[in-house]
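What follows is a short report on a single structure.
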Amino acid sequence: MSLTPNRRGRARAGPGGGQRVAAAEGPGRAKLKPDANKKPSFEPSGALLEDTNTVGGVLIRYSEPPEARIPRTRWRLYPFKKDELLPVLHIHRQSAYLLGRHRRIADIPIAHPSCSQQHAVLQYRLVQRQLRPYIMDLGSGNGTFLNNQRVQPQRYYELREKDVLRFGFSSREYVLLHESSDKSEANAKDEDEGEEEEEEGIGEGQRREIPCN
């Protein structure tokens with residue numbers, strides 16, 4: 001199932017702003033929360049259900065936002081089952097990828113029984129003139145985890161190179177890299193948890209909520 005927007009790369013409006021959380025940094029890593037200077041509402045807005053799609057008779061509980069774009073960077077997910085590297089997933093050909101157990105509609109099927117039919121969505125958004133990947137949990141029963149921290153449902157969380165995603169109680173991990181990444185990072189994903197990094201001027205301790213344009 002494709003969530004591809006119209007010819008200009010835009011789509012129907014979805015929920016509001018996104019937020020960023022710290023990558024795994026060991027015992028002292030930052031808690032998963034929005035910027036302390038902002039006080040966003042965590043109440044469900046209902047926006048996910050205001051504009052819905054139907055694909056093959058299945059109701060899709062997500063619509064892409066106006067800032068959706070297809071990325072130029074060739075992002076990839078490297079799935080690991082314990083220490084085994086599974087086939088690489090190329091995730092740069094669409095502006096959004098639906099993850100879940102419903103194989104008729106999921107762009108990236110996740111078969112673990114603890115995962116929901118429509119579990120999460122990976123969305124590329126042009127925010128403050130920067131095109132970045134985001135993850136959103138679609139109200140799944142057992143959660144979506146970014147660097148071992150559970151994200152709040154129906155909110156965008158910015159992703160960065162080397163981030164690790166996990167869904168439900170599945171032990172399978174997905175490491176986010178791109179074509180220019182050092183692929184040894186995928187094989188040594190657990191060795192980098194104590195390191196700090198910076199990207200695009202935002203340090204790990206400064207990851208913040210980014211409002212929509």
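In the structure tokens, chains take letters A, B, ... by order of appearance, with residues numbered from 1 within each chain and ligands from 1 in the order shown.
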### Contacts of segment 136-144 of chain A within 10 Å, only C-alpha atoms, excl. fewer than 3 positions in-chain, as a count of residues only
36
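Coordinates place atom CA of Asp107 of chain A at a distance of 11.0 Å from atom CA of His90 of chain A.
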### Message
Can you pull out every residue from segment 40-172 of chain A that DSSP, working from the backbone, puts in strand (DSSP E), and format the result as a ChimeraX atom specification?
### Response
/A:53-55,58-60,75-81,84-85,89-90,96-100,108-109,120-127,130-137,144-146,149-150,156-158,164-167
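Coordinates place atom CA of Leu177 of chain A at a distance of 27.5 Å from atom CA of Ile60 of chain A.
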### Task
Please provide the set of residues having any atom within 12 Å of Pro133 of chain A, restricted to only C-alpha atoms, with same-chain residues fewer than 4 positions apart removed, written as a PyMOL selection string.
chain A and resi 18-20+67-77+91-92+94-97+121-127+156-161+163+176-178
### Task
May I ask for the distance between atom CA of Pro87 of chain A and atom CA of Pro113 of chain A, given in Å to one decimal place?
20.7 Å
### Query
Which residue, A:Asp182, A:Ile105, A:Leu146, A:Val175, has the smallest gap to Thr54 of chain A when you use only C-alpha atoms?
A:Ile105
#### Entry: Surrounding residues of Arg172 of chain A excluding itself and chain neighbours under 4 positions, 7 Å, only C-alpha atoms, as a PyMOL selection string
chain A and resi 79-82+166
Can you write out the residues you just picked, keeping all heavy atoms, as a compact mmCIF listing (two decimals), in the first residue's frame?
```txt
# COMPACT_ATOMS: atom_id res chain seq x y z
N PRO A 79 17.34 -4.20 9.16
CA PRO A 79 16.67 -4.98 10.21
C PRO A 79 17.61 -6.05 10.80
O PRO A 79 18.34 -6.71 10.07
CB PRO A 79 15.50 -5.65 9.48
CG PRO A 79 15.51 -5.08 8.09
CD PRO A 79 16.89 -4.58 7.83
N PHE A 80 17.56 -6.18 12.11
CA PHE A 80 18.33 -7.20 12.81
C PHE A 80 17.38 -8.07 13.63
O PHE A 80 16.51 -7.56 14.33
CB PHE A 80 19.35 -6.57 13.76
CG PHE A 80 20.56 -6.01 13.07
CD1 PHE A 80 20.52 -4.73 12.53
CD2 PHE A 80 21.72 -6.75 12.95
CE1 PHE A 80 21.63 -4.20 11.90
CE2 PHE A 80 22.83 -6.22 12.31
CZ PHE A 80 22.79 -4.95 11.77
N LYS A 81 17.57 -9.38 13.52
CA LYS A 81 16.90 -10.32 14.40
C LYS A 81 17.97 -10.94 15.26
O LYS A 81 18.74 -11.79 14.81
CB LYS A 81 16.15 -11.39 13.60
CG LYS A 81 15.32 -12.32 14.46
CD LYS A 81 14.53 -13.28 13.60
CE LYS A 81 13.65 -14.17 14.47
NZ LYS A 81 12.87 -15.13 13.63
N LYS A 82 18.06 -10.45 16.51
CA LYS A 82 19.20 -10.74 17.38
C LYS A 82 20.45 -10.22 16.67
O LYS A 82 20.57 -9.04 16.41
CB LYS A 82 19.26 -12.22 17.72
CG LYS A 82 18.06 -12.69 18.54
CD LYS A 82 18.16 -14.13 18.94
CE LYS A 82 16.97 -14.54 19.77
NZ LYS A 82 17.02 -15.96 20.18
N ARG A 166 12.00 -0.09 17.13
CA ARG A 166 11.48 -1.40 17.50
C ARG A 166 9.98 -1.28 17.67
O ARG A 166 9.48 -0.22 18.08
CB ARG A 166 12.15 -1.88 18.79
CG ARG A 166 11.86 -3.30 19.18
CD ARG A 166 12.83 -3.77 20.26
NE ARG A 166 12.85 -2.88 21.41
CZ ARG A 166 11.94 -2.88 22.37
NH1 ARG A 166 10.92 -3.73 22.32
NH2 ARG A 166 12.03 -2.04 23.39
```
